[in-house]
Structure formats: C-alpha cells, structure tokens
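Visitor: Provided below: run-v9.txt, containing compact mmCIF, C-alpha atoms and all ligand atoms.
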```txt
# COMPACT_ATOMS: atom_id res chain seq x y z
CA MET A 1 -20.30 18.19 6.67
CA PRO A 2 -17.16 17.35 8.74
CA THR A 3 -13.98 17.52 6.68
CA VAL A 4 -10.45 16.27 7.33
CA ALA A 5 -8.70 19.15 5.63
CA SER A 6 -5.19 17.68 5.90
CA ALA A 7 -6.05 14.33 4.29
CA HIS A 8 -4.07 13.22 1.24
CA PRO A 9 -4.46 13.72 -1.63
CA SER A 10 -7.39 16.07 -0.89
CA PRO A 11 -9.72 17.00 1.97
CA TYR A 12 -11.89 14.07 3.09
CA GLU A 13 -15.56 14.93 3.64
CA PHE A 14 -17.78 12.53 5.54
CA ASP A 15 -21.16 12.32 7.19
CA PRO A 16 -20.79 10.72 10.65
CA ALA A 17 -24.25 9.16 10.27
CA THR A 18 -23.09 7.12 7.26
CA THR A 19 -19.48 6.52 8.37
CA ALA A 20 -18.05 3.52 10.20
CA LEU A 21 -14.72 2.97 11.87
CA LEU A 22 -13.32 -0.38 10.71
CA VAL A 23 -10.61 -1.80 12.97
CA ILE A 24 -8.86 -4.60 11.13
CA ASP A 25 -7.32 -7.68 12.78
CA MET A 26 -5.86 -6.11 15.95
CA GLN A 27 -5.47 -9.67 17.24
CA ARG A 28 -2.94 -11.22 19.60
CA ASP A 29 -1.99 -13.54 16.74
CA PHE A 30 -0.56 -10.54 14.86
CA LEU A 31 0.59 -8.25 17.67
CA GLU A 32 1.94 -10.55 20.37
CA PRO A 33 4.79 -13.08 20.48
CA GLY A 34 3.88 -16.69 19.76
CA GLY A 35 1.14 -16.01 17.22
CA PHE A 36 0.73 -16.20 13.46
CA GLY A 37 2.72 -13.04 12.75
CA GLU A 38 5.75 -14.27 14.64
CA SER A 39 5.42 -17.78 13.16
CA LEU A 40 6.04 -16.19 9.76
CA GLY A 41 9.32 -14.73 11.02
CA ASN A 42 8.10 -11.20 11.73
CA ASP A 43 9.12 -8.82 14.51
CA VAL A 44 5.71 -8.28 16.09
CA SER A 45 6.92 -5.33 18.16
CA GLN A 46 6.75 -3.27 14.93
CA LEU A 47 2.97 -3.17 15.22
CA ARG A 48 2.70 -1.95 18.80
CA ARG A 49 2.97 1.76 17.98
CA THR A 50 -0.55 1.54 16.53
CA ILE A 51 -2.16 0.55 19.84
CA GLY A 52 -2.15 3.92 21.65
CA PRO A 53 -3.50 5.96 18.71
CA THR A 54 -6.13 3.32 17.94
CA ALA A 55 -7.31 3.25 21.56
CA ALA A 56 -7.68 7.05 21.44
CA LEU A 57 -9.47 6.79 18.10
CA LEU A 58 -11.94 4.25 19.53
CA ARG A 59 -12.64 6.53 22.50
CA ALA A 60 -13.33 9.48 20.19
CA CYS A 61 -15.56 7.50 17.83
CA ARG A 62 -17.52 5.90 20.67
CA ALA A 63 -18.00 9.30 22.32
CA VAL A 64 -19.86 10.63 19.27
CA GLY A 65 -21.72 7.39 18.55
CA LEU A 66 -19.93 6.53 15.29
CA THR A 67 -20.50 2.96 14.10
CA VAL A 68 -17.51 0.79 15.11
CA ILE A 69 -16.83 -2.58 13.48
CA HIS A 70 -13.92 -4.92 14.22
CA THR A 71 -12.54 -7.75 12.10
CA ARG A 72 -10.53 -10.85 12.94
CA GLU A 73 -8.65 -13.05 10.49
CA GLY A 74 -8.85 -16.75 11.28
CA HIS A 75 -10.14 -20.18 10.48
CA SER A 76 -12.52 -22.81 11.72
CA ALA A 77 -11.08 -25.56 13.93
CA ASP A 78 -11.26 -28.12 11.11
CA LEU A 79 -9.42 -25.72 8.74
CA SER A 80 -12.05 -26.30 6.05
CA ASP A 81 -12.01 -22.57 5.20
CA CYS A 82 -8.22 -22.33 4.87
CA PRO A 83 -6.82 -22.68 1.35
CA PRO A 84 -3.90 -25.16 1.03
CA ALA A 85 -1.45 -22.45 -0.06
CA LYS A 86 -2.19 -20.43 3.08
CA LEU A 87 -1.86 -23.51 5.26
CA ALA A 88 1.64 -24.09 3.90
CA ARG A 89 2.91 -20.74 5.27
CA GLY A 90 5.21 -20.76 8.31
CA GLY A 91 7.80 -23.23 9.52
CA PRO A 92 6.85 -26.83 10.35
CA GLY A 93 5.04 -26.95 13.73
CA LEU A 94 4.21 -23.25 13.44
CA ARG A 95 1.52 -23.31 10.81
CA ILE A 96 -2.13 -22.28 10.98
CA GLY A 97 -3.88 -24.75 13.29
CA ASP A 98 -0.69 -25.86 15.05
CA PRO A 99 -0.56 -25.47 18.85
CA GLY A 100 1.27 -22.37 20.07
CA PRO A 101 1.63 -20.52 23.38
CA MET A 102 -1.66 -18.68 22.73
CA GLY A 103 -3.56 -21.74 21.51
CA ARG A 104 -3.90 -23.09 17.99
CA ILE A 105 -2.49 -20.53 15.58
CA LEU A 106 -5.11 -18.36 13.85
CA ILE A 107 -8.05 -20.56 14.89
CA ARG A 108 -11.36 -19.02 15.95
CA GLY A 109 -12.09 -19.33 19.63
CA GLU A 110 -8.40 -19.58 20.62
CA TYR A 111 -6.86 -16.95 22.90
CA GLY A 112 -4.42 -15.78 20.22
CA HIS A 113 -7.18 -15.25 17.69
CA ASP A 114 -8.96 -12.65 19.80
CA ILE A 115 -8.49 -8.90 19.79
CA ILE A 116 -5.87 -7.46 22.15
CA ASP A 117 -7.19 -6.29 25.53
CA GLU A 118 -6.35 -2.62 24.87
CA LEU A 119 -8.75 -2.52 21.90
CA ALA A 120 -11.40 -4.99 23.04
CA PRO A 121 -14.74 -4.50 21.29
CA ARG A 122 -17.55 -3.04 23.36
CA ASP A 123 -20.93 -4.78 23.66
CA GLY A 124 -22.91 -4.12 20.51
CA GLU A 125 -19.89 -3.53 18.25
CA PRO A 126 -19.93 -6.14 15.48
CA VAL A 127 -16.89 -8.40 15.10
CA VAL A 128 -16.53 -9.82 11.59
CA ASP A 129 -14.65 -13.11 11.35
CA LYS A 130 -12.96 -13.46 8.00
CA PRO A 131 -10.94 -16.31 6.50
CA GLY A 132 -9.14 -14.08 4.01
CA LYS A 133 -7.13 -10.90 3.90
CA GLY A 134 -10.04 -8.80 2.67
CA ALA A 135 -12.91 -8.19 5.09
CA PHE A 136 -15.58 -8.50 2.38
CA TYR A 137 -14.56 -11.94 1.09
CA ALA A 138 -16.74 -14.73 2.59
CA THR A 139 -18.23 -12.47 5.29
CA ASP A 140 -21.44 -10.54 5.83
CA LEU A 141 -19.62 -7.19 6.15
CA GLY A 142 -21.22 -5.85 2.95
CA ALA A 143 -24.72 -6.66 4.22
CA MET A 144 -23.91 -5.22 7.64
CA LEU A 145 -22.79 -1.91 6.11
CA ALA A 146 -25.78 -1.76 3.78
CA GLU A 147 -28.18 -2.34 6.71
CA ARG A 148 -26.62 0.60 8.52
CA ASN A 149 -26.54 2.79 5.40
CA ILE A 150 -22.74 3.19 5.71
CA ARG A 151 -21.01 4.88 2.77
CA SER A 152 -17.64 5.90 4.23
CA LEU A 153 -15.08 3.78 6.04
CA VAL A 154 -12.37 5.07 8.34
CA VAL A 155 -9.77 2.35 8.57
CA ALA A 156 -7.33 1.28 11.29
CA GLY A 157 -5.56 -2.03 11.89
CA VAL A 158 -2.89 -4.39 10.68
CA THR A 159 -1.12 -4.97 8.49
CA THR A 160 -0.99 -1.94 6.23
CA GLU A 161 0.03 -3.69 3.03
CA VAL A 162 -1.90 -6.93 3.58
CA CYS A 163 -5.34 -6.94 5.27
CA VAL A 164 -5.74 -3.16 5.39
CA HIS A 165 -4.85 -2.77 1.72
CA THR A 166 -6.92 -5.74 0.56
CA THR A 167 -9.96 -4.52 2.49
CA VAL A 168 -9.63 -0.93 1.31
CA ARG A 169 -9.31 -2.10 -2.30
CA GLU A 170 -12.40 -4.30 -1.90
CA ALA A 171 -14.29 -1.42 -0.27
CA ASN A 172 -13.26 1.05 -2.96
CA ASP A 173 -14.60 -1.25 -5.68
CA ARG A 174 -17.88 -1.42 -3.77
CA GLY A 175 -18.19 2.36 -3.70
CA TYR A 176 -17.10 3.12 -0.13
CA GLU A 177 -14.99 6.22 0.44
CA CYS A 178 -12.08 5.05 2.58
CA LEU A 179 -9.88 7.10 4.85
CA VAL A 180 -6.82 5.19 6.10
CA LEU A 181 -5.37 6.52 9.36
CA ALA A 182 -1.59 6.42 9.00
CA ASP A 183 -0.73 6.18 12.71
CA CYS A 184 -3.42 3.53 13.38
CA VAL A 185 -2.23 1.09 10.71
CA GLY A 186 1.04 -0.80 10.90
CA SER A 187 3.29 -3.27 9.16
CA TYR A 188 6.14 -5.56 10.16
CA PHE A 189 8.04 -3.76 7.39
CA PRO A 190 8.30 0.04 7.81
CA GLU A 191 9.09 0.48 4.12
CA PHE A 192 6.02 -1.49 3.02
CA HIS A 193 3.90 0.61 5.40
CA ARG A 194 5.17 3.86 3.92
CA VAL A 195 4.77 2.78 0.33
CA ALA A 196 1.37 1.16 0.97
CA LEU A 197 0.04 4.47 2.30
CA GLU A 198 1.48 6.30 -0.70
CA MET A 199 -0.27 3.82 -2.99
CA VAL A 200 -3.69 4.53 -1.44
CA ALA A 201 -3.48 8.27 -2.04
CA ALA A 202 -1.47 8.28 -5.29
CA GLN A 203 -3.03 9.15 -8.65
CA GLY A 204 -5.50 11.54 -7.05
CA GLY A 205 -6.57 9.00 -4.41
CA ILE A 206 -6.73 5.89 -6.58
CA PHE A 207 -8.53 3.97 -3.84
CA GLY A 208 -8.76 6.26 -0.85
CA TRP A 209 -7.44 9.02 1.38
CA VAL A 210 -4.78 9.03 4.12
CA ALA A 211 -4.65 11.18 7.26
CA GLU A 212 -3.39 11.16 10.86
CA SER A 213 -5.94 9.96 13.41
CA THR A 214 -5.89 13.21 15.40
CA ASP A 215 -6.84 15.15 12.28
CA PHE A 216 -9.80 12.81 11.88
CA THR A 217 -10.87 12.90 15.54
CA SER A 218 -10.60 16.68 15.75
CA SER A 219 -13.04 16.89 12.83
CA LEU A 220 -15.58 14.87 14.84
CA VAL A 221 -16.18 17.50 17.53
C1 LIG A 301 -1.59 -10.92 7.52
C2 LIG A 301 -3.22 -9.27 8.16
N1 LIG A 301 -0.62 -10.04 7.37
N2 LIG A 301 -4.19 -9.07 9.04
N3 LIG A 301 -2.81 -10.56 7.97
O1 LIG A 301 -1.39 -12.10 7.28
O2 LIG A 301 -2.69 -8.34 7.59
```
Will you turn the file into structure tokens for me?
Ligand code: C5J
Guide:
Amino acid sequence: MPTVASAHPSPYEFDPATTALLVIDMQRDFLEPGGFGESLGNDVSQLRRTIGPTAALLRACRAVGLTVIHTREGHSADLSDCPPAKLARGGPGLRIGDPGPMGRILIRGEYGHDIIDELAPRDGEPVVDKPGKGAFYATDLGAMLAERNIRSLVVAGVTTEVCVHTTVREANDRGYECLVLADCVGSYFPEFHRVALEMVAAQGGIFGWVAESTDFTSSLV
C-alpha cells in the first residue's frame, strides 16, 4: 500500500484504486482580480502560489490514472440557490449575481465562475457545481464517490479555512480519509491557512492528515 511517510500527524496510507484527488474551487472568481474573492476585499494574489504545485499534482495523478474530481462554487442565474445571508456579502454593486469584469459574480456559466486555464479539467474528469462551501451539500459528490468505490480523498484548492475545511469536515464525517496538501491549498489570510492546516492534523488527526504535494506524488510511483 502506498504511504506518505511524512504526513502529519502520522503516515497516510492509501490505495490508489480507491483514492480520488479533489480540487476545490480553483476558479477565476477566487484567484483573479474582479471576481468574488476580490469583491469581498481580499488580495487574490495570495492564492496564486498554489497554482504551480497543483498543476504538477494534476499531472502526476493523471499519469497514474488516479480519479480526479473538480468542484466549483456558484449559483444559478436566478439566484434561487443562494441564501439571503450569502447574497448580502460584498459591497453594493459587487455582490453575487452583480455584473463584473468576468461576468456576473459567482454565477454558473459566467467566465469568472470557471476553473483557471492552468488547472482546466480534462475530458472525463467530473466537475461538481456546489452552491455552498462544502462539496457534499446539495451536490451528487457523495453518490459519485460511492459509484467509484472511493474511500480516500487527497485535497487541493481554495480557500484553506473555508471551502477546503468545510469539505474535509463533511468528508471526514462520511468516513473518507482525507489528506490535505499544504502547498496546494491557499487562503487570502496566511495566518488562517497555517492554523487551518494545524486544525486538520491536531488531536491525532481530528479530521485528516496534512502533507506536501511532492511527498504525496513521490509515493505514487
Ligand atoms: C469562499 C471558497 N472562500 N471556495 N469560497 O468563499 O473557499
């Protein structure tokens, strides 16, 4: 069984046949100027350091035929799946559904909602559209994983303390063994990123493991 010996808090063992790479919300709306992330007052350049390692991770996973699944956060054009409290976020004229330089902010089908070119999904890789922070809420991700007999999730994406954390917590409660790749997840707030990773692995791995992506990819060969 492949093992990531350097994972925290303990070595992470996984079977590639029942493991999926989950790449969370690497969308223009979060990583590029003019999108949802920036509309909330964030410095989106903070997330860009994740792109190179995640591109390398995707190459390594695809090379060995690991299941790869992408997610995108966003809402339908009529906003019927967006709770009022979420709609109220951001300054006037910069809220979800408002027009921005990359199209309507965080709306499915708009340019800004899609995944950045560097990490574009390949044909056949599922893309899960989710209205919430967690990838299991109001999606068919659970069914998709069950169909493929997936038991372990290797997690990349943004942001560490929001959609990555929420999804890993949801996955942990559903019995998935989650490995979060520290260099492939990012936050607008470096301190939140650091502490969020500590929280995953604290208390003996309360809801997962943490490792560097190269330690994971070197275990694949
Ligand atoms: C946020 C996300 N931060 N993908 N979404 O609103 O983490």
Visitor: Would you mind listing the residues within 10 Å of ligand LIG 301 (chain A), counting all atoms listed in the file, as a PyMOL selection string?
Guide: chain A and resi 24-27+29-31+36-37+40+42+71-74+86+89+106+130+132-135+157-167+185-188
Visitor: Atoms to include: C-alpha atoms. Write the selected residues as a PDB file, keeping the file's coordinate frame.
Guide:
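Saved file part.pdb follows:
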```pdb
ATOM      1  CA  ILE A  24      -8.860  -4.600  11.130  1.00  0.00           C
ATOM      2  CA  ASP A  25      -7.320  -7.680  12.780  1.00  0.00           C
ATOM      3  CA  MET A  26      -5.860  -6.110  15.950  1.00  0.00           C
ATOM      4  CA  GLN A  27      -5.470  -9.670  17.240  1.00  0.00           C
ATOM      5  CA  ASP A  29      -1.990 -13.540  16.740  1.00  0.00           C
ATOM      6  CA  PHE A  30      -0.560 -10.540  14.860  1.00  0.00           C
ATOM      7  CA  LEU A  31       0.590  -8.250  17.670  1.00  0.00           C
ATOM      8  CA  PHE A  36       0.730 -16.200  13.460  1.00  0.00           C
ATOM      9  CA  GLY A  37       2.720 -13.040  12.750  1.00  0.00           C
ATOM     10  CA  LEU A  40       6.040 -16.190   9.760  1.00  0.00           C
ATOM     11  CA  ASN A  42       8.100 -11.200  11.730  1.00  0.00           C
ATOM     12  CA  THR A  71     -12.540  -7.750  12.100  1.00  0.00           C
ATOM     13  CA  ARG A  72     -10.530 -10.850  12.940  1.00  0.00           C
ATOM     14  CA  GLU A  73      -8.650 -13.050  10.490  1.00  0.00           C
ATOM     15  CA  GLY A  74      -8.850 -16.750  11.280  1.00  0.00           C
ATOM     16  CA  LYS A  86      -2.190 -20.430   3.080  1.00  0.00           C
ATOM     17  CA  ARG A  89       2.910 -20.740   5.270  1.00  0.00           C
ATOM     18  CA  LEU A 106      -5.110 -18.360  13.850  1.00  0.00           C
ATOM     19  CA  LYS A 130     -12.960 -13.460   8.000  1.00  0.00           C
ATOM     20  CA  GLY A 132      -9.140 -14.080   4.010  1.00  0.00           C
ATOM     21  CA  LYS A 133      -7.130 -10.900   3.900  1.00  0.00           C
ATOM     22  CA  GLY A 134     -10.040  -8.800   2.670  1.00  0.00           C
ATOM     23  CA  ALA A 135     -12.910  -8.190   5.090  1.00  0.00           C
ATOM     24  CA  GLY A 157      -5.560  -2.030  11.890  1.00  0.00           C
ATOM     25  CA  VAL A 158      -2.890  -4.390  10.680  1.00  0.00           C
ATOM     26  CA  THR A 159      -1.120  -4.970   8.490  1.00  0.00           C
ATOM     27  CA  THR A 160      -0.990  -1.940   6.230  1.00  0.00           C
ATOM     28  CA  GLU A 161       0.030  -3.690   3.030  1.00  0.00           C
ATOM     29  CA  VAL A 162      -1.900  -6.930   3.580  1.00  0.00           C
ATOM     30  CA  CYS A 163      -5.340  -6.940   5.270  1.00  0.00           C
ATOM     31  CA  VAL A 164      -5.740  -3.160   5.390  1.00  0.00           C
ATOM     32  CA  HIS A 165      -4.850  -2.770   1.720  1.00  0.00           C
ATOM     33  CA  THR A 166      -6.920  -5.740   0.560  1.00  0.00           C
ATOM     34  CA  THR A 167      -9.960  -4.520   2.490  1.00  0.00           C
ATOM     35  CA  VAL A 185      -2.230   1.090  10.710  1.00  0.00           C
ATOM     36  CA  GLY A 186       1.040  -0.800  10.900  1.00  0.00           C
ATOM     37  CA  SER A 187       3.290  -3.270   9.160  1.00  0.00           C
ATOM     38  CA  TYR A 188       6.140  -5.560  10.160  1.00  0.00           C
TER      39      TYR A 188
END
```
Visitor: With distances taken over all atoms listed in the file, which of A:Val200, A:Cys184, A:Ala20, A:Val68 is nearest to Ala56 in chain A?
Guide: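 Among the listed residues, the smallest separation from Ala56 in chain A belongs to A:Cys184.
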Visitor: Between CA of Asp15 in chain A and CA of Glu147 in chain A, what is the spacing in Å?
Guide: 16.3 Å
Visitor: Just the residues within 8 Å of Arg108 in chain A, please, counting all atoms listed in the file, with nothing from its chain fewer than 2 positions along; format it as a PyMOL selection string.
Guide: chain A and resi 74-77+106+110+113-114
Visitor: One decimal, in Å: what's the spacing between CA of Gly142 in chain A and CA of Leu87 in chain A?
Guide: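 According to the coordinates, CA of Gly142 in chain A and CA of Leu87 in chain A are separated by 26.3 Å.
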Visitor: Could you check which of A:Ala196, A:Ile69, A:Leu47, A:Val221 is closest to Leu22 in chain A, using all atoms listed in the file?
Guide: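 Among the listed residues, A:Ile69 lies closest to Leu22 in chain A.
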Visitor: What does the structure give for the distance between CA of Arg48 in chain A and CA of Leu21 in chain A, in Å to one decimal?
Guide: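 Separation of CA of Arg48 in chain A and CA of Leu21 in chain A: 19.4 Å.
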Visitor: Between A:Asp183, A:Glu177, A:Glu198, A:Asp81, which residue has the minimum interatomic distance to Glu212 in chain A, considering only C-alpha atoms?
Guide: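 Closest residue, counting only C-alpha atoms: A:Asp183.
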Visitor: May I ask which of the residues A:Arg62, A:Arg49, A:Arg28, A:Arg151 is the closest one to Asp117 in chain A, counting only C-alpha atoms?
Guide: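 Ranking A:Arg62, A:Arg49, A:Arg28, A:Arg151 by distance to Asp117 in chain A, first place goes to A:Arg28.
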Visitor: Rank A:Cys82, A:Arg194, A:Val23, A:Ile105 by their smallest atom-to-atom distance to Thr54 in chain A, using only C-alpha atoms, and report the top residue only.
Guide: A:Val23
Visitor: Between A:Tyr111, A:Phe189, A:Tyr176, A:Trp209, which has the minimum distance to Leu153 in chain A (counting only C-alpha atoms)?
Guide: A:Tyr176
Visitor: Using all atoms listed in the file, determine which residues lie at most 12 Å from Ile206 in chain A, disregarding the query and same-chain residues fewer than 6 positions distant; provide the list as an NGL selection string.
Guide: :A and (8-10 or 168-169 or 172-173 or 177-179 or 197-200)
Visitor: Quick one: residues within 12 Å of Ser6 in chain A, all atoms listed in the file counted, chain neighbours fewer than 2 positions away excluded, as a list in words?
Guide: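 Near Ser6 in chain A, the qualifying residues are Thr3, Val4, His8, Pro9, Ser10, Pro11, Tyr12, Glu13, Leu179, Leu181, Trp209, Val210, Ala211, Glu212, Ser213, Thr214, Asp215, Phe216, Ser218 and Ser219 of chain A.
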Visitor: With all atoms of range 179-188 of chain A from the file as input, state the centre and edge lengths in Å to one decimal of the axis-aligned box that has 6 Å extra on each side, as AutoDock Vina command-line options.
Guide:
```
--center_x -1.9 --center_y 0.8 --center_z 9.1 --size_x 28.0 --size_y 24.7 --size_z 20.5
```
Visitor: Using the structure just given, write a file holding C-alpha atoms for range 39-112 of chain A, as a PDB file, in the first residue's frame.
Guide:
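That gives us decode39.pdb:
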```pdb
ATOM      1  CA  SER A  39     -15.320  41.778  -4.212  1.00  0.00           C
ATOM      2  CA  LEU A  40     -15.062  40.720  -0.563  1.00  0.00           C
ATOM      3  CA  GLY A  41     -11.945  42.862  -0.143  1.00  0.00           C
ATOM      4  CA  ASN A  42      -9.354  40.103  -0.460  1.00  0.00           C
ATOM      5  CA  ASP A  43      -5.906  40.220  -2.050  1.00  0.00           C
ATOM      6  CA  VAL A  44      -6.365  37.466  -4.627  1.00  0.00           C
ATOM      7  CA  SER A  45      -2.641  37.281  -5.389  1.00  0.00           C
ATOM      8  CA  GLN A  46      -2.286  35.371  -2.083  1.00  0.00           C
ATOM      9  CA  LEU A  47      -3.765  32.290  -3.733  1.00  0.00           C
ATOM     10  CA  ARG A  48      -1.524  32.145  -6.790  1.00  0.00           C
ATOM     11  CA  ARG A  49       1.294  30.191  -5.119  1.00  0.00           C
ATOM     12  CA  THR A  50      -1.000  27.136  -5.186  1.00  0.00           C
ATOM     13  CA  ILE A  51      -1.246  27.042  -8.987  1.00  0.00           C
ATOM     14  CA  GLY A  52       2.191  25.596  -9.869  1.00  0.00           C
ATOM     15  CA  PRO A  53       2.126  22.792  -7.268  1.00  0.00           C
ATOM     16  CA  THR A  54      -1.483  21.915  -8.146  1.00  0.00           C
ATOM     17  CA  ALA A  55      -0.670  21.736 -11.871  1.00  0.00           C
ATOM     18  CA  ALA A  56       2.207  19.349 -11.053  1.00  0.00           C
ATOM     19  CA  LEU A  57      -0.080  17.352  -8.776  1.00  0.00           C
ATOM     20  CA  LEU A  58      -2.675  17.004 -11.543  1.00  0.00           C
ATOM     21  CA  ARG A  59      -0.002  15.805 -13.976  1.00  0.00           C
ATOM     22  CA  ALA A  60       1.204  13.172 -11.503  1.00  0.00           C
ATOM     23  CA  CYS A  61      -2.301  11.942 -10.645  1.00  0.00           C
ATOM     24  CA  ARG A  62      -3.370  11.790 -14.294  1.00  0.00           C
ATOM     25  CA  ALA A  63      -0.190   9.896 -15.203  1.00  0.00           C
ATOM     26  CA  VAL A  64      -1.105   7.036 -12.858  1.00  0.00           C
ATOM     27  CA  GLY A  65      -4.835   7.127 -13.631  1.00  0.00           C
ATOM     28  CA  LEU A  66      -5.986   8.380 -10.213  1.00  0.00           C
ATOM     29  CA  THR A  67      -9.586   9.605 -10.149  1.00  0.00           C
ATOM     30  CA  VAL A  68      -9.643  13.420 -10.417  1.00  0.00           C
ATOM     31  CA  ILE A  69     -12.706  15.470  -9.444  1.00  0.00           C
ATOM     32  CA  HIS A  70     -13.026  19.264  -9.539  1.00  0.00           C
ATOM     33  CA  THR A  71     -15.529  21.483  -7.751  1.00  0.00           C
ATOM     34  CA  ARG A  72     -16.829  24.978  -8.442  1.00  0.00           C
ATOM     35  CA  GLU A  73     -18.721  27.188  -6.025  1.00  0.00           C
ATOM     36  CA  GLY A  74     -21.508  29.192  -7.625  1.00  0.00           C
ATOM     37  CA  HIS A  75     -25.169  29.840  -8.155  1.00  0.00           C
ATOM     38  CA  SER A  76     -27.879  29.573 -10.749  1.00  0.00           C
ATOM     39  CA  ALA A  77     -28.619  32.691 -12.804  1.00  0.00           C
ATOM     40  CA  ASP A  78     -31.859  33.349 -10.898  1.00  0.00           C
ATOM     41  CA  LEU A  79     -30.007  33.065  -7.546  1.00  0.00           C
ATOM     42  CA  SER A  80     -32.674  30.683  -6.235  1.00  0.00           C
ATOM     43  CA  ASP A  81     -29.964  28.517  -4.628  1.00  0.00           C
ATOM     44  CA  CYS A  82     -28.220  31.413  -2.867  1.00  0.00           C
ATOM     45  CA  PRO A  83     -29.232  32.023   0.755  1.00  0.00           C
ATOM     46  CA  PRO A  84     -30.077  35.674   1.584  1.00  0.00           C
ATOM     47  CA  ALA A  85     -27.222  35.984   4.085  1.00  0.00           C
ATOM     48  CA  LYS A  86     -24.696  34.938   1.427  1.00  0.00           C
ATOM     49  CA  LEU A  87     -26.217  37.325  -1.095  1.00  0.00           C
ATOM     50  CA  ALA A  88     -25.662  40.202   1.313  1.00  0.00           C
ATOM     51  CA  ARG A  89     -21.861  39.713   1.294  1.00  0.00           C
ATOM     52  CA  GLY A  90     -19.692  42.219  -0.582  1.00  0.00           C
ATOM     53  CA  GLY A  91     -20.088  45.914  -1.252  1.00  0.00           C
ATOM     54  CA  PRO A  92     -23.108  47.268  -3.161  1.00  0.00           C
ATOM     55  CA  GLY A  93     -22.707  46.546  -6.902  1.00  0.00           C
ATOM     56  CA  LEU A  94     -20.182  43.801  -6.132  1.00  0.00           C
ATOM     57  CA  ARG A  95     -22.430  41.109  -4.782  1.00  0.00           C
ATOM     58  CA  ILE A  96     -23.147  37.607  -6.073  1.00  0.00           C
ATOM     59  CA  GLY A  97     -25.030  37.988  -9.352  1.00  0.00           C
ATOM     60  CA  ASP A  98     -23.841  41.553  -9.995  1.00  0.00           C
ATOM     61  CA  PRO A  99     -22.013  42.227 -13.278  1.00  0.00           C
ATOM     62  CA  GLY A 100     -18.221  42.294 -13.007  1.00  0.00           C
ATOM     63  CA  PRO A 101     -15.290  42.265 -15.442  1.00  0.00           C
ATOM     64  CA  MET A 102     -15.502  38.452 -15.680  1.00  0.00           C
ATOM     65  CA  GLY A 103     -19.297  38.310 -15.974  1.00  0.00           C
ATOM     66  CA  ARG A 104     -21.891  38.043 -13.225  1.00  0.00           C
ATOM     67  CA  ILE A 105     -20.118  37.315  -9.957  1.00  0.00           C
ATOM     68  CA  LEU A 106     -20.175  33.641  -8.905  1.00  0.00           C
ATOM     69  CA  ILE A 107     -22.863  32.656 -11.421  1.00  0.00           C
ATOM     70  CA  ARG A 108     -22.674  29.337 -13.275  1.00  0.00           C
ATOM     71  CA  GLY A 109     -21.827  29.667 -16.935  1.00  0.00           C
ATOM     72  CA  GLU A 110     -20.022  33.006 -16.498  1.00  0.00           C
ATOM     73  CA  TYR A 111     -16.335  33.307 -17.392  1.00  0.00           C
ATOM     74  CA  GLY A 112     -15.341  34.119 -13.806  1.00  0.00           C
TER      75      GLY A 112
END
```
